[in-house]
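Have a look at the structure below before the remarks.
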Amino acid sequence: MSDKKIAFIGTGNMSYAIIGGMVKNGFAAKNIIATNRNQEKLAKVAADFGVQTTADNNAALRDADVIVLSVKPQMMGDLCQSFQDSGVDFSDKLFISVAAGLTVSRLREMLGQDVKMVRCMPNTPSLLGRGVSGLYGADETAEEHEFVQQVFECTGIVVWVEQESQINDIIAVTGSSPAYFFLFMEAIEEKAKALGFSDEDARRLVQQTALGAAEMALSQPDISISQLRANVTSKGGTTHEAVEHLKSQGLVGTVAGAMDACIARAEAMEKEL
Ligand SMILES: NC(=O)c1ccc[n+]([C@@H]2O[C@H](COP(=O)([O-])OP(=O)(O)OC[C@H]3O[C@@H](n4cnc5c(N)ncnc54)[C@H](OP(=O)(O)O)[C@@H]3O)[C@@H](O)[C@H]2O)c1
């Protein structure tokens, strides 16, 4: 593992998940610095993972080679201004931003200089080590690229995109999509209850089926998802009836439209922030 020092500025849910994944995967805790303005959150991350903590963002900025900006997008402007005012020379450090809606050029403007920057779009299953992180790099070295890859692989799988605009596509495909799956699960759960299953059974049935379907897809990577569906859909059978109904009601186009709406919202956020 690299001996680069990495600082997480704003250790909330996402930083906690990444730090936990890093330590479990062999990154040295002594090379990880976590900051927060809340001492309780710092005490927890120190107790759970043995990393260094500080409430002083500027000290973390000074001591680390890689700086993960992990505060809410609306708070990024103040944070970056405080870095500019700190007097710390951060011109050669690598920054990683996990914030949605803030482009590399906007972040550089906030920081007052053209620093090396990687944008990352993780999703919530990263909290369980089952995440997807979309990454876009601007000017990072090959060694830094590899380091970033190793960091985010600690929370699941990673995919690098060539164009920054594709980060918004990643939001539609993986960032927001756990909610699409939850909505589908919710719909099945509601109908199961209407059919007379208890609340507890409806929940157990739907979650186990979702897990089973995902594991079937994962365990058979050579079979397309479309083929997996065809394999459980014999013509004239019950599943076929259900799937044809979903298709005739426009499910596929509805999902595509939802993803377009997601991308449009991400683009609009870039103009607002
Ligand atoms: N959670 C996700 O699934 C997810 C997915 C993709 C991207 N992201 C992005 O990841 C970033 C972090 O999200 P999160 O869910 O981890 O948020 P979070 O739980 O609110 O964590 C951010 C933490 O930073 C602290 N903070 C704010 N300003 C600070 C400052 N100037 N100095 C030190 N600490 C500061 C906040 O403290 P207070 O509580 O006092 O405000 C909070 O504890 C966001 O930009 C979000 O868009 C999150």
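Identifiers in the structure tokens: chain A, B, ... in order shown; residue index from 1 per chain; ligand index from 1 in order shown.
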All residues 8 Å or closer to Phe152 in chain A, only C-alpha atoms, same chain fewer than 6 positions away omitted, as a VMD selection string: chain A and resid 18 133 158
Residues as selected, C-alpha atoms, written as a compact mmCIF listing (two decimals), in the first residue's frame, can you do that?
```txt
# COMPACT_ATOMS: atom_id res chain seq x y z
CA ILE A 18 -14.41 5.13 2.93
CA SER A 133 -17.80 4.91 -7.39
CA VAL A 158 -14.93 1.73 -9.44
```
Return as CSV the residues of chain A lying at most 8 Å from ligand 1, together with the closest atom-to-atom pair for each and the distance in Å to one decimal, counting only C-alpha atoms and all ligand atoms, with rows in chain order and ascending residue number.
```
residue,atom,partner,partner_atom_place_in_ligand_line,distance
A:Ile9,CA,ligand 1,33 (C),5.7
A:Gly10,CA,ligand 1,24 (O),3.2
A:Thr11,CA,ligand 1,23 (C),4.9
A:Gly12,CA,ligand 1,21 (O),3.1
A:Asn13,CA,ligand 1,16 (O),3.7
A:Met14,CA,ligand 1,16 (O),3.7
A:Ser15,CA,ligand 1,16 (O),5.7
A:Tyr16,CA,ligand 1,16 (O),7.4
A:Thr35,CA,ligand 1,33 (C),5.6
A:Asn36,CA,ligand 1,34 (N),3.6
A:Arg37,CA,ligand 1,33 (C),4.6
A:Asn38,CA,ligand 1,40 (O),6.1
A:Lys41,CA,ligand 1,43 (O),7.1
A:Ala55,CA,ligand 1,33 (C),6.7
A:Asp56,CA,ligand 1,32 (N),7.8
A:Asn57,CA,ligand 1,32 (N),6.2
A:Leu69,CA,ligand 1,11 (C),7.5
A:Ser70,CA,ligand 1,11 (C),4.2
A:Val71,CA,ligand 1,22 (C),4.3
A:Lys72,CA,ligand 1,45 (O),3.7
A:Pro73,CA,ligand 1,45 (O),4.8
A:Met75,CA,ligand 1,28 (N),5.8
A:Met76,CA,ligand 1,28 (N),7.6
A:Asp78,CA,ligand 1,31 (N),6.9
A:Leu79,CA,ligand 1,31 (N),4.9
A:Ser97,CA,ligand 1,45 (O),7.5
A:Val98,CA,ligand 1,10 (O),4.8
A:Ala99,CA,ligand 1,45 (O),3.3
A:Ala100,CA,ligand 1,47 (O),4.9
A:Cys120,CA,ligand 1,7 (C),7.7
A:Met121,CA,ligand 1,6 (C),5.3
A:Pro122,CA,ligand 1,6 (C),4.6
A:Asn123,CA,ligand 1,5 (C),4.5
A:Thr124,CA,ligand 1,3 (O),3.8
A:Pro125,CA,ligand 1,3 (O),7.5
A:Ser126,CA,ligand 1,3 (O),7.4
A:Leu127,CA,ligand 1,3 (O),7.7
A:Gly175,CA,ligand 1,6 (C),6.4
```
Residues of range 15-252 of chain A in strand (DSSP E), written as JSON, numbers by chain: {"A": [32, 33, 34, 35, 52, 53, 54, 66, 67, 68, 69, 94, 95, 96, 97, 116, 117, 118, 119, 120, 121, 131, 132, 133, 134, 135, 136, 137, 138, 156, 157, 158, 159, 160]}
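The space between CA of Asp65 in chain A and CA of Lys93 in chain A spans 5.3 Å.
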